[in-house]
Every structure is written in C-alpha cells, then in structure tokens.
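So this block is input_3.txt, compact mmCIF, C-alpha atoms:
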```txt
# COMPACT_ATOMS: atom_id res chain seq x y z
CA MET F 205 -3.71 0.66 2.23
CA THR F 206 -0.92 3.19 2.77
CA THR F 207 -3.45 5.72 4.12
CA ILE F 208 -4.98 3.17 6.50
CA TRP F 209 -1.54 2.14 7.73
CA ALA F 210 -0.44 5.76 8.18
CA THR F 211 -3.51 6.36 10.39
CA ALA F 212 -3.23 3.07 12.26
CA ALA F 213 0.56 2.98 12.74
CA PRO F 214 0.72 5.24 15.83
CA ALA F 215 -2.08 3.25 17.53
CA VAL F 216 -0.52 -0.12 16.61
CA SER F 217 3.00 0.85 17.72
CA ALA F 218 1.85 2.49 20.98
CA SER F 219 -0.30 -0.53 21.80
CA PHE F 220 2.51 -2.97 20.85
CA LEU F 221 5.22 -1.26 22.92
CA ALA F 222 3.03 -0.61 25.98
CA SER F 223 1.68 -4.18 25.91
CA LEU F 224 5.22 -5.52 25.60
CA VAL F 225 6.20 -3.84 28.88
CA GLU F 226 3.07 -5.08 30.69
CA MET F 227 3.34 -8.62 29.35
CA VAL F 228 7.00 -8.95 30.32
CA GLU F 229 6.03 -8.00 33.89
CA ALA F 230 3.11 -10.47 33.97
CA PHE F 231 5.29 -13.18 32.42
CA THR F 232 7.87 -12.81 35.23
CA ILE F 233 5.25 -13.49 37.93
CA VAL F 234 3.61 -16.39 36.05
CA LEU F 235 7.09 -17.87 35.54
CA VAL F 236 7.79 -17.65 39.30
CA VAL F 237 4.49 -19.36 40.08
CA GLY F 238 5.15 -22.06 37.49
CA THR F 239 8.67 -22.68 38.77
CA VAL F 240 7.88 -22.63 42.50
CA GLN F 241 4.50 -24.33 42.60
CA GLY F 242 4.09 -25.98 39.19
CA TRP F 243 2.38 -25.02 35.95
CA LYS F 244 -1.14 -26.09 36.98
CA PRO F 245 -1.79 -23.16 39.39
CA ALA F 246 0.22 -20.81 37.13
CA LEU F 247 -1.87 -21.60 34.07
CA SER F 248 -5.22 -21.85 35.88
CA GLY F 249 -4.61 -18.47 37.59
CA SER F 250 -3.62 -16.93 34.26
CA LEU F 251 -6.60 -18.45 32.43
CA ALA F 252 -9.02 -17.22 35.12
CA ALA F 253 -7.55 -13.72 34.72
CA LEU F 254 -7.86 -13.90 30.93
CA LEU F 255 -11.50 -14.96 31.34
CA LEU F 256 -12.14 -11.97 33.61
CA LEU F 257 -10.46 -9.68 31.06
CA ALA F 258 -12.57 -11.19 28.25
CA ILE F 259 -15.74 -10.46 30.29
CA LEU F 260 -14.49 -6.92 30.90
CA ILE F 261 -13.93 -6.39 27.17
CA ALA F 262 -17.31 -7.96 26.32
CA VAL F 263 -19.05 -5.57 28.73
CA LEU F 264 -16.98 -2.45 27.96
CA GLY F 265 -16.76 -2.89 24.19
CA PRO F 266 -20.45 -2.48 23.27
CA ALA F 267 -20.90 0.17 26.03
CA LEU F 268 -18.28 2.38 24.36
CA GLY F 269 -20.45 2.59 21.25
CA HIS F 270 -23.21 4.31 23.26
CA ILE F 271 -20.99 7.10 24.61
CA PRO F 272 -21.03 10.34 22.58
CA LEU F 273 -17.74 10.59 20.63
CA HIS F 274 -16.57 13.90 22.12
CA LEU F 275 -17.18 12.67 25.67
CA LEU F 276 -15.37 9.40 24.89
CA GLN F 277 -12.42 11.28 23.41
CA LEU F 278 -12.27 13.61 26.43
CA VAL F 279 -12.41 10.82 29.04
CA ILE F 280 -9.87 8.71 27.14
CA GLY F 281 -7.65 11.76 26.59
CA VAL F 282 -7.64 12.67 30.29
CA LEU F 283 -6.88 9.10 31.37
CA LEU F 284 -4.17 8.74 28.71
CA LEU F 285 -2.57 12.00 29.76
CA LEU F 286 -2.51 10.96 33.43
CA PHE F 287 -1.18 7.51 32.49
CA GLY F 288 1.37 8.73 29.93
CA LEU F 289 2.80 11.59 31.99
CA ARG F 290 3.15 9.23 34.97
CA TRP F 291 5.19 6.76 32.86
CA LEU F 292 7.25 9.53 31.30
CA ARG F 293 8.06 11.11 34.68
CA LYS F 294 9.22 7.77 36.05
CA ALA F 295 11.27 7.00 32.91
CA ILE F 296 12.97 10.43 33.08
CA LEU F 297 13.85 9.97 36.76
CA ARG F 298 15.17 6.47 36.03
CA ALA F 299 17.18 7.62 33.01
CA ALA F 300 18.68 10.40 35.15
CA GLY F 301 19.71 7.87 37.80
CA LEU F 302 17.36 9.32 40.43
CA LEU F 303 15.18 6.21 40.59
CA ALA F 304 16.34 2.60 40.48
CA LEU F 305 15.74 0.86 37.14
CA HIS F 306 13.03 -1.81 37.07
CA ASP F 307 14.85 -5.13 37.11
CA GLU F 308 13.02 -8.32 36.05
CA ALA F 309 15.64 -10.52 37.78
CA SER F 310 15.07 -8.79 41.12
CA ALA F 311 11.28 -8.77 40.56
CA TYR F 312 11.55 -12.53 39.95
CA ALA F 313 13.64 -13.07 43.12
CA LYS F 314 11.28 -10.93 45.23
CA GLU F 315 8.14 -12.74 44.04
CA ASP F 316 9.92 -16.09 44.42
CA SER F 317 10.73 -15.48 48.10
CA ARG F 318 7.30 -13.94 48.76
CA LEU F 319 5.55 -16.96 47.26
CA ARG F 320 7.75 -19.49 49.05
CA ALA F 321 7.15 -17.73 52.40
CA ALA F 322 3.37 -17.60 51.79
CA ALA F 323 3.32 -21.28 50.79
CA ALA F 324 5.33 -22.25 53.88
CA ARG F 325 2.91 -20.36 56.15
CA ASP F 326 -0.12 -22.11 54.68
CA GLU F 327 0.88 -25.56 53.44
CA ARG F 328 -2.68 -26.69 52.69
CA HIS F 329 -3.46 -23.83 50.34
CA ARG F 330 -0.19 -23.60 48.44
CA ASN F 331 -1.77 -24.13 45.03
CA TRP F 332 -4.50 -21.61 45.78
CA ILE F 333 -1.96 -18.96 46.89
CA ALA F 334 0.17 -19.59 43.80
CA GLY F 335 -2.82 -19.48 41.46
CA LEU F 336 -3.98 -16.25 43.08
CA ALA F 337 -0.55 -14.68 42.52
CA ALA F 338 -0.70 -15.55 38.80
CA PHE F 339 -4.33 -14.35 38.63
CA LYS F 340 -3.48 -11.02 40.24
CA ALA F 341 -0.45 -10.39 38.01
CA VAL F 342 -2.23 -11.24 34.75
CA THR F 343 -5.35 -9.28 35.78
CA LEU F 344 -3.42 -6.14 36.73
CA GLU F 345 -1.13 -6.09 33.73
CA GLY F 346 -3.98 -7.27 31.48
CA VAL F 347 -6.26 -4.43 32.61
CA GLU F 348 -3.48 -2.01 31.67
CA VAL F 349 -3.25 -3.65 28.22
CA VAL F 350 -7.05 -3.48 27.77
CA PHE F 351 -7.04 0.18 28.82
CA ILE F 352 -4.18 1.03 26.44
CA VAL F 353 -5.81 -0.81 23.51
CA ILE F 354 -9.14 0.96 24.09
CA ALA F 355 -7.50 4.31 24.78
CA VAL F 356 -5.29 4.45 21.70
CA GLY F 357 -7.88 2.86 19.43
CA ALA F 358 -11.38 3.93 20.44
CA GLY F 359 -11.15 7.62 19.53
CA ARG F 360 -10.87 6.84 15.79
CA GLY F 361 -12.32 3.34 15.51
CA LEU F 362 -8.87 1.70 15.56
CA VAL F 363 -9.49 -0.78 18.40
CA GLY F 364 -8.97 -3.71 15.99
CA TRP F 365 -5.57 -2.34 14.92
CA ALA F 366 -4.54 -1.61 18.51
CA THR F 367 -5.57 -5.17 19.48
CA LEU F 368 -3.31 -6.43 16.69
CA GLY F 369 -0.39 -4.55 18.27
CA ALA F 370 -1.15 -6.03 21.71
CA PHE F 371 -1.50 -9.53 20.26
CA ALA F 372 1.86 -9.20 18.47
CA ALA F 373 3.42 -8.23 21.82
CA PHE F 374 1.81 -11.27 23.47
CA LEU F 375 3.22 -13.60 20.80
CA LEU F 376 6.67 -12.00 21.06
CA VAL F 377 6.79 -12.32 24.88
CA LEU F 378 5.51 -15.91 24.70
CA ALA F 379 8.11 -16.85 22.06
CA ALA F 380 10.94 -15.10 23.94
CA GLY F 381 9.81 -16.72 27.20
CA LEU F 382 9.77 -20.20 25.67
CA LEU F 383 13.22 -19.56 24.21
CA VAL F 384 14.83 -18.06 27.31
CA ARG F 385 12.93 -20.10 29.94
CA GLY F 386 13.69 -17.41 32.50
CA PRO F 387 12.84 -13.80 33.33
CA LEU F 388 13.21 -11.53 30.29
CA THR F 389 15.94 -9.38 31.81
CA ARG F 390 17.34 -8.13 28.52
CA VAL F 391 14.22 -6.22 27.51
CA PRO F 392 15.20 -2.52 27.70
CA GLU F 393 12.21 -1.76 29.89
CA ASN F 394 13.03 1.83 30.81
CA ALA F 395 13.71 2.80 27.19
CA LEU F 396 10.37 1.21 26.24
CA LYS F 397 8.60 3.04 29.07
CA PHE F 398 10.22 6.27 27.93
CA VAL F 399 8.91 5.79 24.38
CA VAL F 400 5.46 4.64 25.52
CA GLY F 401 5.19 7.51 28.03
CA ILE F 402 5.95 9.95 25.21
CA MET F 403 3.43 8.35 22.82
CA LEU F 404 0.63 8.08 25.39
CA SER F 405 1.18 11.67 26.58
CA ALA F 406 1.00 12.87 22.96
CA PHE F 407 -2.18 10.83 22.36
CA GLY F 408 -3.56 12.15 25.67
CA VAL F 409 -3.08 15.81 24.73
CA PHE F 410 -4.50 15.14 21.26
CA TRP F 411 -7.66 13.30 22.42
CA THR F 412 -8.30 15.74 25.27
CA GLY F 413 -8.14 18.55 22.72
CA GLU F 414 -10.44 16.65 20.35
CA GLY F 415 -12.86 16.10 23.24
CA LEU F 416 -12.88 19.87 23.80
CA SER F 417 -13.48 20.48 20.07
CA VAL F 418 -9.96 21.77 19.36
CA GLN F 419 -9.24 21.79 15.62
CA TRP F 420 -5.62 20.60 15.58
CA PRO F 421 -3.67 21.82 12.54
CA GLY F 422 -3.58 18.88 10.11
CA ASN F 423 -5.74 16.75 12.47
CA GLU F 424 -3.81 13.50 13.24
CA ALA F 425 -0.68 15.02 11.67
CA THR F 426 -0.34 16.92 14.97
CA ILE F 427 0.43 13.71 16.87
CA PRO F 428 4.02 13.31 15.52
CA PHE F 429 4.73 16.92 16.53
CA LEU F 430 3.40 16.28 20.02
CA VAL F 431 5.54 13.12 20.17
CA LEU F 432 8.58 15.16 19.12
CA LEU F 433 7.84 17.81 21.76
CA PHE F 434 7.59 15.27 24.60
CA LEU F 435 10.65 13.44 23.25
CA VAL F 436 12.81 16.57 23.22
CA THR F 437 11.50 17.61 26.65
CA GLY F 438 12.04 14.15 28.14
CA LEU F 439 15.52 13.63 26.72
CA GLY F 440 16.54 17.20 27.55
CA VAL F 441 15.44 17.00 31.19
CA ALA F 442 16.87 13.49 31.66
CA GLY F 443 20.23 14.64 30.21
CA LEU F 444 20.28 17.76 32.39
CA LEU F 445 19.48 15.84 35.56
CA ARG F 446 21.96 13.07 34.72
CA SER F 447 24.79 15.58 34.33
CA ARG F 448 23.77 17.22 37.64
CA VAL F 449 23.74 13.83 39.41
CA ARG F 450 27.18 13.01 37.96
CA SER F 451 28.71 16.33 38.95
CA ALA F 452 27.24 16.00 42.46
CA ALA F 453 28.71 12.49 42.87
CA MET Y 281 -11.48 -9.91 48.86
CA ARG Y 282 -8.03 -8.58 49.75
CA THR Y 283 -6.85 -9.47 46.24
CA PHE Y 284 -9.65 -7.41 44.67
CA ALA Y 285 -8.90 -4.52 47.03
CA ALA Y 286 -5.25 -4.73 45.97
CA ILE Y 287 -6.30 -4.81 42.29
CA LEU Y 288 -8.48 -1.71 42.78
CA ARG Y 289 -5.65 0.07 44.61
CA GLU Y 290 -3.24 -0.74 41.81
CA LEU Y 291 -5.78 0.38 39.20
CA PHE Y 292 -5.93 3.77 40.89
CA GLY Y 293 -2.12 3.74 40.92
CA LEU Y 294 -2.11 3.34 37.13
CA PHE Y 295 -3.15 6.96 36.79
CA VAL Y 296 -1.96 8.52 40.01
CA ASP Y 297 1.58 7.99 41.22
CA ASP Y 298 2.77 11.49 42.07
CA GLY Y 299 -0.34 13.23 43.41
CA ALA Y 300 0.98 16.68 42.46
CA LEU Y 301 1.42 15.65 38.81
CA ALA Y 302 -2.13 14.25 38.66
CA ILE Y 303 -3.63 17.37 40.29
CA LEU Y 304 -1.67 19.76 38.04
CA THR Y 305 -2.68 17.81 34.93
CA LEU Y 306 -6.34 17.89 35.96
CA VAL Y 307 -6.09 21.63 36.69
CA VAL Y 308 -4.66 22.24 33.19
CA ILE Y 309 -7.50 20.20 31.64
CA ALA Y 310 -10.08 22.04 33.78
CA ILE Y 311 -8.70 25.42 32.60
CA ALA Y 312 -8.81 24.22 28.97
CA ALA Y 313 -12.39 22.97 29.45
CA LEU Y 314 -13.39 26.28 31.03
CA LEU Y 315 -11.88 28.23 28.13
CA ALA Y 316 -13.69 25.99 25.64
CA THR Y 317 -17.14 25.70 27.20
CA VAL Y 318 -17.66 28.94 29.16
CA LEU Y 319 -15.45 31.53 27.50
CA HIS Y 320 -15.64 30.02 23.97
CA VAL Y 321 -11.99 30.84 23.35
CA ASP Y 322 -10.40 29.96 19.99
CA GLY Y 323 -9.47 26.27 19.66
CA GLY Y 324 -5.86 27.10 18.87
CA ILE Y 325 -5.42 28.79 22.25
CA ILE Y 326 -7.05 25.83 24.04
CA GLY Y 327 -4.67 23.47 22.24
CA ALA Y 328 -1.70 25.63 23.24
CA VAL Y 329 -2.88 25.67 26.89
CA LEU Y 330 -3.15 21.87 26.87
CA VAL Y 331 0.29 21.35 25.30
CA ALA Y 332 2.14 23.94 27.39
CA GLY Y 333 0.28 22.98 30.57
CA SER Y 334 1.04 19.27 30.19
CA VAL Y 335 4.74 19.89 29.56
CA ALA Y 336 4.90 22.36 32.47
CA SER Y 337 3.17 19.86 34.82
CA LEU Y 338 5.65 17.17 33.83
CA LEU Y 339 8.64 19.46 34.34
CA PHE Y 340 7.36 20.66 37.71
CA SER Y 341 6.79 17.09 38.89
CA VAL Y 342 10.22 15.89 37.73
CA PHE Y 343 12.10 18.83 39.28
CA ARG Y 344 10.03 18.54 42.45
CA ALA Y 345 11.20 14.92 42.74
CA THR Y 346 14.83 16.02 42.37
CA TRP Y 347 14.39 18.75 45.01
CA LYS Y 348 12.92 16.16 47.35
CA LYS Y 349 15.88 13.85 46.69
CA GLY Y 350 18.27 16.72 47.32
CA SER Y 351 16.69 17.84 50.59
```
Once more with this new file: its structure as structure tokens, please.
Amino acid sequence: MTTIWATAAPAVSASFLASLVEMVEAFTIVLVVGTVQGWKPALSGSLAALLLLAILIAVLGPALGHIPLHLLQLVIGVLLLLFGLRWLRKAILRAAGLLALHDEASAYAKEDSRLRAAAARDERHRNWIAGLAAFKAVTLEGVEVVFIVIAVGAGRGLVGWATLGAFAAFLLVLAAGLLVRGPLTRVPENALKFVVGIMLSAFGVFWTGEGLSVQWPGNEATIPFLVLLFLVTGLGVAGLLRSRVRSAA
Amino acid sequence: MRTFAAILRELFGLFVDDGALAILTLVVIAIAALLATVLHVDGGIIGAVLVAGSVASLLFSVFRATWKKGS
C-alpha cells in the first residue's frame, strides 16, 4: 500500500491542486448565473457541460488504450510542459508584482455586469444566455480538469488515482461554496498556480523524456528532483524580480 | 456556434499564452527528439537537454516579459 501511495501521490496531489484552481473559477461563474438569473439555468448549463465532459471522457478513455505507450507519453509530456510552463510563468510574474493577481471577487463582479447587460439586451432569451454562460465556464474549466487528470495519470496507469484527486477538489469546492455562499476569494490562487505550474512542468519534462526513451536515474524518483529544480528556479526568479520592482518604485 | 469557437480559442490558449515560450519549448523538444531518434545520443544527455532547455525557455520568457514592461 505504501508503494502504491508513493507512486500515486504526485499524480493525486497534482490533479487535486490543479482541479481546485479550475473548479474555483468555474464555481464563481456558476454562482453569478445562479444569483443573477436563478439556479435553473445555472444548474442546467452546468449539467449540460458535465454531460459533454462525460461524453469526451467516454470517447477519449478507450482511445488512449490504443495509442502506443511511448507516443502517449511523448504527446502528454509535450502538452504538460506547454501547460505547466505557461502557468509557472504567469505565477512568477504575478508573485513578482508584474501581473495583477487573479481576483475571484473582481471576476464575479465582471461576469455579473456582463450577464446583466446581455440579459437586458435580449430580455426573451435571458435564461438561455445565463445557461450558456454556466455551460461555457464549466466546459472550459472541466476540459482543463479532464486534460490534467489524463495527463498526470495516463502515462503510468494512474488515471483512477488522478480522478480521485479531482473528485476530492470538487467536493472541497462544493462544500466551501455551500458554506461561504459567495465567491471563494480566500483561496490562495496564485500560490496554488505556482505549485501546480511547478508540478506539471516537472511531469512534462519527465514524460517527454520517457516518450523519447530517456532512462531517468531512479525512474519516477527523478520527479521530486525536477519539482525541486523548478521550485528553486521559480522562487529565485520571482524574488529577484520582486526586489527589482520594489527598488524601481 | 460562437460559444464553441470561443471554447476552441480558449482551449488553444490553455497551452499557448506567450507565443515565444511555446515556440522555445517546442524547439527544445524537437532538438531532444532529433538527438534521440537521428543521432542516437545517450539518454542522459537528452534528459539534460530537456531539463536545461525547459528552464532556459521559462527564464527567457519571464525576463522578456519584464523587458517589455520596462520598455
């Protein structure tokens, strides 16, 4: 059990943390729709999106089994590297004060005014517009969750474990949302994105290497070292840039 | 239809935000693939190219953003 957990822990934690960020963002939009236009379009839009995601998983899941393992690892590694480095870059720039932090309260206010304006323009289709907003948000964030679950799990047959991480994030966001009944502004989103960016970049380098038949020293034991490397790089650069920004101000 | 177009646009944006970072990353992977498949270089060197190249791409992209902000 300890061995299984040691192998699965990086996939579960990466999937949990990344899904947490995505689900908080989707929750904010669904909450706006529910508050502005009622829970019927909010829930029907969300359910339609979940249905689409379920179809996507049903189609993609079995197809993955037919792809040669090395090719699968390479494709997943490349996509993870692009995805992870993008998140890490943004998190570094935000931590350094060069990019504005993502703010759920302002995202809520922006979507609220956008939805009210759209509903005022087209009175007859207010429910449809609101449902579409919820559908779009849940689909977009959900696709990211599906990608992350597949990406961190498929290379070593850990999709089930990664799904567990995503499901735990879903339950946590749902519970926090029911408790707070407002946008989840206290989630340290940039810190989470920093950590997830580091983990996904490390996974990305590892899987790309595996796809190219690189024999990493200690196999999966390389991943913590890659995580450490990206962590030190990220924190170092963010600290350097922050001190530069402060001295320039 | 517009919603699906927006979804597709945002899907592309999942992987590509700063074009230079995406291109540099793909160049690093292409070099590693070339070393592995054509030149049959030792796996350790390919791994080192991937690690160093990814970190260098990230650093270049971050500092490029700060130069842009400064100019």
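Distances from F:Gln241, F:Gln419, F:Ser317, F:Thr389 to Leu305 in chain F were compared using all atoms listed in the file, and the smallest one belongs to F:Thr389.
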Write out, as JSON lines, each residue of chain F that has an atom at most 6 Å from chain Y, together with the closest pair of atoms and their distance in Å to one decimal, counting all atoms listed in the file, rows going by chain and rising number.
```
{"residue": "F:Leu286", "atom": "CA", "partner": "Y:Phe295", "partner_atom": "CA", "distance": 5.3}
{"residue": "F:Phe287", "atom": "CA", "partner": "Y:Phe295", "partner_atom": "CA", "distance": 4.8}
{"residue": "F:Val418", "atom": "CA", "partner": "Y:Gly323", "partner_atom": "CA", "distance": 4.5}
```
Just give me the gap between CA of Leu382 in chain F and CA of Val399 in chain F in Å, one decimal is fine. 26.0 Å
Expected answer as a VMD selection string: all residues with atoms within 6 Å of (-0.5, -15.5, 45.8), all atoms listed in the file: chain F and resid 333 to 334 336 to 337
Draw an axis-aligned box over all listed atoms of range 372-387 of chain F, pad each side with 4 Å, and write its centre and edge lengths in Å, one decimal, as JSON.
```
{"center_x": 8.3, "center_y": -14.2, "center_z": 25.9, "size_x": 21.0, "size_y": 20.0, "size_z": 22.9}
```
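The spacing separating CA of Val363 in chain F from CA of Leu257 in chain F amounts to 15.5 Å.
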Quick one: everything within 9 Å of Gly249 in chain F, counting only C-alpha atoms, minus sequence neighbours fewer than 2 positions away in the same chain. Send it as an MDAnalysis selection string. chainID F and resid 234 244:247 251:254 332 334:340 342
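Nearest to Phe371 in chain F of all the residues F:Gly386, F:Ala358, F:Leu268, F:Gly346 is F:Gly346, counting all atoms listed in the file.
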Residues near Val436 in chain F, anyone? I mean within 10 Å using all atoms listed in the file, not counting same-chain ones fewer than 6 positions away, as a ChimeraX atom specification. /F:402,430,442
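A straight line drawn from CA of Leu224 in chain F to CA of Leu435 in chain F is 19.9 Å long.
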